[in-house]
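In what follows, a structure is listed as structure tokens, so that the remarks can point back to it.
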Amino acid sequence: MTEQARRTVATYETYQEAERAVDHLSDQGFPVERVAIIGQDVRLVEQVIGRMDYGRAALHGAASGALPGALIGWLFGLVDWVDPLVSALLVALYGLIFGAIVGALFGLLLYALQGGRRDFASVRSMQPSRYDVVVDETVANEAVRLLGGLQTTGADGHRPAPT
């Protein structure tokens, strides 16, 4: 299978605007299976959400271990042929408790091994600076024509950037 040549037909500052443009193309009967939204100039943003200490490390570890423990316990409980529902729920509860305890211990251990090098919790995300709407070269002119009448709702009020 060969890759189809593609061309950028519009550029937007927000994903919502690019999504709206593709929705507009879809409403006009354009073959949207030939469209892609591509985030450009991606940057990593790490938002610090709080200070990390032994208590929070244990809490995060317990939360991480509780769900897998409950799921594994539930699966083992289903093996009981006499009363699988009660057994599954009871063993799932035991698994949740055991998973939370083991997770808390691992959280404490990992935090202690870091030796104070990372005393904060954070959430990472990827954020593009712009979104390009690209289409197959064979239908690009039609897409440009259809998007020409679309009004954007961006902060700057600009129309799609033709390329």
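Each chain of the structure tokens is named A, B, ... in the order shown, its residues numbered from 1; ligands are numbered from 1 in display order.
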Please report, as a PyMOL selection string, each residue of chain A to which DSSP assigns helix (DSSP H, G or I) when run on this structure's backbone. chain A and resi 15-27+32-34+54-77+84-114+137-147
Please report as a Markdown table every residue of region 34-56 of chain A lying within 12 Å of region 138-143 of chain A, along with the nearest atom pair and their distance in Å (one decimal), using only C-alpha atoms.
```
| residue | atom | partner | partner_atom | distance |
| --- | --- | --- | --- | --- |
| A:Arg34 | CA | A:Val139 | CA | 8.3 |
| A:Val35 | CA | A:Ala143 | CA | 9.3 |
| A:Ala36 | CA | A:Ala140 | CA | 12.0 |
```
Nearest-residue call for Ala62 (chain A), choices A:Arg130, A:Val135, A:Ser125, A:Gly99, using only C-alpha atoms: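 Checking each of A:Arg130, A:Val135, A:Ser125, A:Gly99 against Ala62 (chain A), counting only C-alpha atoms, the winner is A:Gly99.
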At a cut-off of 10 Å, using only C-alpha atoms, what residues contact region 105-121 of chain A? Leave out same-chain residues fewer than 3 positions from it and give the result as a compact mmCIF listing (two decimals) with all heavy atoms, in the first residue's frame.
```
# COMPACT_ATOMS: atom_id res chain seq x y z
N GLU A 46 4.73 20.03 31.79
CA GLU A 46 4.60 19.28 33.03
C GLU A 46 4.06 20.22 34.10
O GLU A 46 4.76 21.13 34.55
CB GLU A 46 5.95 18.71 33.46
CG GLU A 46 5.86 17.85 34.69
CD GLU A 46 7.18 17.15 35.01
OE1 GLU A 46 8.20 17.45 34.38
OE2 GLU A 46 7.15 16.30 35.91
N GLN A 47 2.81 20.02 34.48
CA GLN A 47 2.16 20.87 35.48
C GLN A 47 2.35 20.25 36.86
O GLN A 47 1.92 19.13 37.11
CB GLN A 47 0.67 21.01 35.17
CG GLN A 47 -0.10 21.82 36.19
CD GLN A 47 0.39 23.25 36.27
OE1 GLN A 47 0.52 23.92 35.26
NE2 GLN A 47 0.67 23.72 37.47
N VAL A 48 3.03 20.97 37.74
CA VAL A 48 3.25 20.49 39.11
C VAL A 48 1.93 20.64 39.87
O VAL A 48 1.32 21.71 39.86
CB VAL A 48 4.38 21.28 39.80
CG1 VAL A 48 4.54 20.84 41.24
CG2 VAL A 48 5.67 21.11 39.02
N ILE A 49 1.49 19.56 40.51
CA ILE A 49 0.19 19.58 41.19
C ILE A 49 0.30 19.53 42.70
O ILE A 49 -0.70 19.68 43.39
CB ILE A 49 -0.74 18.45 40.70
CG1 ILE A 49 -0.08 17.09 40.88
CG2 ILE A 49 -1.12 18.68 39.25
CD1 ILE A 49 -0.98 15.92 40.58
N GLY A 50 1.50 19.31 43.22
CA GLY A 50 1.63 19.31 44.67
C GLY A 50 2.95 18.75 45.15
O GLY A 50 3.74 18.21 44.39
N ARG A 51 3.17 18.91 46.43
CA ARG A 51 4.38 18.43 47.09
C ARG A 51 4.22 16.93 47.37
O ARG A 51 3.13 16.46 47.69
CB ARG A 51 4.55 19.19 48.40
CG ARG A 51 5.84 18.96 49.11
CD ARG A 51 5.95 19.84 50.34
NE ARG A 51 6.14 21.24 50.00
CZ ARG A 51 7.31 21.79 49.71
NH1 ARG A 51 8.38 21.03 49.68
NH2 ARG A 51 7.41 23.06 49.43
N MET A 52 5.30 16.19 47.23
CA MET A 52 5.27 14.76 47.50
C MET A 52 5.99 14.51 48.83
O MET A 52 7.05 15.06 49.09
CB MET A 52 5.96 14.00 46.37
CG MET A 52 5.90 12.50 46.50
SD MET A 52 4.24 11.79 46.46
CE MET A 52 3.87 11.92 44.74
N ASP A 53 5.35 13.68 49.67
CA ASP A 53 5.96 13.26 50.92
C ASP A 53 5.62 11.78 51.12
O ASP A 53 5.02 11.16 50.25
CB ASP A 53 5.50 14.14 52.09
CG ASP A 53 3.99 14.16 52.26
OD1 ASP A 53 3.30 13.31 51.65
OD2 ASP A 53 3.48 15.03 52.99
N TYR A 54 6.03 11.22 52.25
CA TYR A 54 5.80 9.80 52.46
C TYR A 54 4.30 9.45 52.47
O TYR A 54 3.90 8.41 51.95
CB TYR A 54 6.48 9.33 53.76
CG TYR A 54 7.96 9.16 53.60
CD1 TYR A 54 8.84 10.13 54.06
CD2 TYR A 54 8.48 8.03 52.99
CE1 TYR A 54 10.21 9.98 53.90
CE2 TYR A 54 9.85 7.86 52.82
CZ TYR A 54 10.71 8.85 53.28
OH TYR A 54 12.06 8.70 53.11
N GLY A 55 3.49 10.30 53.07
CA GLY A 55 2.05 10.03 53.12
C GLY A 55 1.42 10.00 51.74
O GLY A 55 0.64 9.10 51.41
N ARG A 56 1.76 10.99 50.92
CA ARG A 56 1.21 11.03 49.55
C ARG A 56 1.76 9.89 48.71
O ARG A 56 1.04 9.34 47.86
CB ARG A 56 1.51 12.36 48.90
CG ARG A 56 0.68 13.49 49.47
CD ARG A 56 0.98 14.78 48.73
NE ARG A 56 0.45 15.91 49.45
CZ ARG A 56 -0.58 16.62 49.04
NH1 ARG A 56 -1.18 16.32 47.92
NH2 ARG A 56 -1.01 17.63 49.75
N ALA A 57 3.02 9.54 48.91
CA ALA A 57 3.60 8.42 48.16
C ALA A 57 2.86 7.13 48.50
O ALA A 57 2.55 6.33 47.61
CB ALA A 57 5.09 8.29 48.47
N ALA A 58 2.55 6.93 49.77
CA ALA A 58 1.81 5.74 50.18
C ALA A 58 0.39 5.77 49.62
O ALA A 58 -0.13 4.74 49.15
CB ALA A 58 1.77 5.65 51.71
N LEU A 59 -0.24 6.94 49.63
CA LEU A 59 -1.60 7.07 49.10
C LEU A 59 -1.64 6.79 47.60
O LEU A 59 -2.52 6.06 47.12
CB LEU A 59 -2.14 8.46 49.41
CG LEU A 59 -3.60 8.71 49.06
CD1 LEU A 59 -4.50 7.81 49.87
CD2 LEU A 59 -3.94 10.17 49.30
N HIS A 60 -0.71 7.36 46.85
CA HIS A 60 -0.66 7.11 45.41
C HIS A 60 -0.40 5.63 45.12
O HIS A 60 -1.00 5.05 44.21
CB HIS A 60 0.43 7.98 44.75
CG HIS A 60 0.05 9.40 44.60
ND1 HIS A 60 -0.51 9.90 43.46
CD2 HIS A 60 0.14 10.44 45.46
CE1 HIS A 60 -0.74 11.19 43.61
NE2 HIS A 60 -0.36 11.54 44.82
N GLY A 61 0.50 5.02 45.88
CA GLY A 61 0.79 3.60 45.70
C GLY A 61 -0.42 2.74 46.03
O GLY A 61 -0.72 1.78 45.31
N ALA A 62 -1.14 3.09 47.11
CA ALA A 62 -2.33 2.32 47.48
C ALA A 62 -3.40 2.43 46.40
O ALA A 62 -4.04 1.43 46.04
CB ALA A 62 -2.88 2.82 48.82
N ALA A 63 -3.58 3.62 45.86
CA ALA A 63 -4.57 3.81 44.79
C ALA A 63 -4.17 3.03 43.55
O ALA A 63 -5.03 2.44 42.87
CB ALA A 63 -4.72 5.29 44.46
N SER A 64 -2.89 2.96 43.25
CA SER A 64 -2.42 2.24 42.08
C SER A 64 -2.54 0.73 42.25
O SER A 64 -2.73 0.01 41.27
CB SER A 64 -0.95 2.58 41.79
OG SER A 64 -0.82 3.93 41.47
N GLY A 65 -2.44 0.23 43.47
CA GLY A 65 -2.50 -1.20 43.70
C GLY A 65 -3.90 -1.74 43.96
O GLY A 65 -4.16 -2.93 43.78
N GLY A 99 -4.09 -5.43 47.46
CA GLY A 99 -3.47 -4.59 46.44
C GLY A 99 -3.15 -3.21 46.97
O GLY A 99 -2.09 -2.64 46.66
N ALA A 100 -4.04 -2.64 47.78
CA ALA A 100 -3.80 -1.31 48.36
C ALA A 100 -2.61 -1.35 49.32
O ALA A 100 -1.77 -0.44 49.32
CB ALA A 100 -5.05 -0.81 49.07
N ILE A 101 -2.52 -2.39 50.12
CA ILE A 101 -1.41 -2.50 51.08
C ILE A 101 -0.09 -2.68 50.34
O ILE A 101 0.89 -1.98 50.62
CB ILE A 101 -1.65 -3.66 52.06
CG1 ILE A 101 -2.83 -3.32 52.99
CG2 ILE A 101 -0.40 -3.98 52.87
CD1 ILE A 101 -3.32 -4.48 53.83
N VAL A 102 -0.05 -3.59 49.38
CA VAL A 102 1.19 -3.82 48.62
C VAL A 102 1.56 -2.57 47.83
O VAL A 102 2.72 -2.17 47.77
CB VAL A 102 1.04 -5.06 47.70
CG1 VAL A 102 2.20 -5.16 46.73
CG2 VAL A 102 0.92 -6.32 48.54
```
For Gln28 (chain A), the closest of A:Leu147, A:Leu96, A:Val123, A:Val134 counting only C-alpha atoms is A:Leu147
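Among the candidates A:Val45, A:Ile37, A:Ala104, A:Leu78, the one nearest to Val9 (chain A) when counting only C-alpha atoms is A:Ile37.
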With only C-alpha atoms as the basis for distance, which of A:Val133, A:Pro128, A:Val22, A:Tyr94 is at the shortest distance from Arg6 (chain A)? A:Val133
What does the distance between CA of Ala18 (chain A) and CA of Met126 (chain A) come to in Å, to one decimal place? 17.0 Å
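Among the candidates A:Asp136, A:Leu150, A:Ala21, A:Leu44, the residue lying nearest to Thr8 (chain A) is A:Asp136 (atoms considered: only C-alpha atoms).
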Within region 18-157 of chain A, find each residue whose DSSP state, derived from the backbone, is strand (DSSP E), and express the selection as an MDAnalysis selection string. chainID A and resid 35:40 43:51 120:127 130:136
Taking N, CA, C and O atoms for each residue, export the selection above as a short mmCIF file (atom, residue, chain, number, x, y, z; two decimals), in the first residue's frame.
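Output below, filename result-v5.cif:
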```
data_model
loop_
_atom_site.label_atom_id
_atom_site.label_comp_id
_atom_site.auth_asym_id
_atom_site.auth_seq_id
_atom_site.Cartn_x
_atom_site.Cartn_y
_atom_site.Cartn_z
N VAL A 35 -9.06 12.84 5.28
CA VAL A 35 -8.67 14.03 6.05
C VAL A 35 -7.93 13.59 7.31
O VAL A 35 -8.23 12.55 7.89
N ALA A 36 -6.98 14.41 7.75
CA ALA A 36 -6.29 14.18 9.03
C ALA A 36 -6.08 15.52 9.71
O ALA A 36 -5.92 16.54 9.05
N ILE A 37 -6.11 15.51 11.04
CA ILE A 37 -5.75 16.68 11.84
C ILE A 37 -4.39 16.37 12.46
O ILE A 37 -4.24 15.38 13.17
N ILE A 38 -3.42 17.24 12.18
CA ILE A 38 -2.06 17.00 12.66
C ILE A 38 -1.63 18.15 13.56
O ILE A 38 -1.63 19.31 13.14
N GLY A 39 -1.27 17.82 14.79
CA GLY A 39 -0.74 18.82 15.72
C GLY A 39 0.72 19.09 15.37
O GLY A 39 1.50 18.16 15.23
N GLN A 40 1.09 20.35 15.26
CA GLN A 40 2.45 20.74 14.88
C GLN A 40 3.14 21.44 16.05
O GLN A 40 2.49 22.04 16.89
N ARG A 43 4.96 20.47 22.23
CA ARG A 43 5.83 20.69 23.38
C ARG A 43 5.29 19.91 24.57
O ARG A 43 4.08 19.69 24.69
N LEU A 44 6.20 19.52 25.44
CA LEU A 44 5.82 18.80 26.65
C LEU A 44 5.61 19.82 27.76
O LEU A 44 6.48 20.65 28.02
N VAL A 45 4.45 19.76 28.40
CA VAL A 45 4.15 20.64 29.53
C VAL A 45 3.95 19.75 30.75
O VAL A 45 3.13 18.84 30.74
N GLU A 46 4.73 20.03 31.79
CA GLU A 46 4.60 19.28 33.03
C GLU A 46 4.06 20.22 34.10
O GLU A 46 4.76 21.13 34.55
N GLN A 47 2.81 20.02 34.48
CA GLN A 47 2.16 20.87 35.48
C GLN A 47 2.35 20.25 36.86
O GLN A 47 1.92 19.13 37.11
N VAL A 48 3.03 20.97 37.74
CA VAL A 48 3.25 20.49 39.11
C VAL A 48 1.93 20.64 39.87
O VAL A 48 1.32 21.71 39.86
N ILE A 49 1.49 19.56 40.51
CA ILE A 49 0.19 19.58 41.19
C ILE A 49 0.30 19.53 42.70
O ILE A 49 -0.70 19.68 43.39
N GLY A 50 1.50 19.31 43.22
CA GLY A 50 1.63 19.31 44.67
C GLY A 50 2.95 18.75 45.15
O GLY A 50 3.74 18.21 44.39
N ARG A 51 3.17 18.91 46.43
CA ARG A 51 4.38 18.43 47.09
C ARG A 51 4.22 16.93 47.37
O ARG A 51 3.13 16.46 47.69
N PHE A 120 7.92 16.25 44.33
CA PHE A 120 6.68 16.86 43.84
C PHE A 120 5.97 15.87 42.92
O PHE A 120 6.58 14.98 42.36
N ALA A 121 4.67 16.07 42.81
CA ALA A 121 3.85 15.28 41.89
C ALA A 121 3.45 16.19 40.73
O ALA A 121 3.25 17.39 40.91
N SER A 122 3.34 15.60 39.55
CA SER A 122 3.02 16.41 38.37
C SER A 122 2.23 15.60 37.36
O SER A 122 2.18 14.37 37.44
N VAL A 123 1.64 16.31 36.40
CA VAL A 123 0.91 15.71 35.30
C VAL A 123 1.53 16.23 34.02
O VAL A 123 1.68 17.44 33.84
N ARG A 124 1.88 15.32 33.12
CA ARG A 124 2.50 15.70 31.85
C ARG A 124 1.47 15.67 30.74
O ARG A 124 0.60 14.80 30.71
N SER A 125 1.60 16.60 29.80
CA SER A 125 0.74 16.61 28.62
C SER A 125 1.52 17.15 27.43
O SER A 125 2.49 17.89 27.59
N MET A 126 1.09 16.75 26.25
CA MET A 126 1.67 17.24 25.01
C MET A 126 0.73 18.29 24.43
O MET A 126 -0.47 18.03 24.31
N GLN A 127 1.27 19.45 24.07
CA GLN A 127 0.44 20.54 23.56
C GLN A 127 1.01 21.08 22.25
O GLN A 127 2.09 21.68 22.25
N ARG A 130 -0.19 24.51 16.95
CA ARG A 130 -1.21 24.71 15.90
C ARG A 130 -1.65 23.35 15.38
O ARG A 130 -0.99 22.34 15.61
N TYR A 131 -2.78 23.35 14.68
CA TYR A 131 -3.35 22.13 14.13
C TYR A 131 -3.56 22.33 12.63
O TYR A 131 -4.26 23.25 12.22
N ASP A 132 -2.96 21.45 11.84
CA ASP A 132 -3.12 21.50 10.39
C ASP A 132 -4.17 20.48 9.98
O ASP A 132 -4.15 19.33 10.44
N VAL A 133 -5.08 20.91 9.10
CA VAL A 133 -6.03 19.99 8.48
C VAL A 133 -5.43 19.64 7.13
O VAL A 133 -5.22 20.52 6.29
N VAL A 134 -5.09 18.36 6.97
CA VAL A 134 -4.48 17.92 5.72
C VAL A 134 -5.41 16.93 5.03
O VAL A 134 -6.14 16.18 5.69
N VAL A 135 -5.38 16.97 3.69
CA VAL A 135 -6.21 16.06 2.90
C VAL A 135 -5.37 15.48 1.78
O VAL A 135 -4.30 16.01 1.44
N ASP A 136 -5.87 14.41 1.19
CA ASP A 136 -5.19 13.83 0.03
C ASP A 136 -5.11 14.86 -1.08
O ASP A 136 -6.06 15.63 -1.30
#
```
What is the distance between CA of Ser129 (chain A) and CA of Gly148 (chain A), in Å to one decimal?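 Going from CA of Ser129 (chain A) over to CA of Gly148 (chain A), I get 22.4 Å.
In this model, the gap between CA of Gly29 (chain A) and CA of Glu13 (chain A) comes to 24.8 Å.
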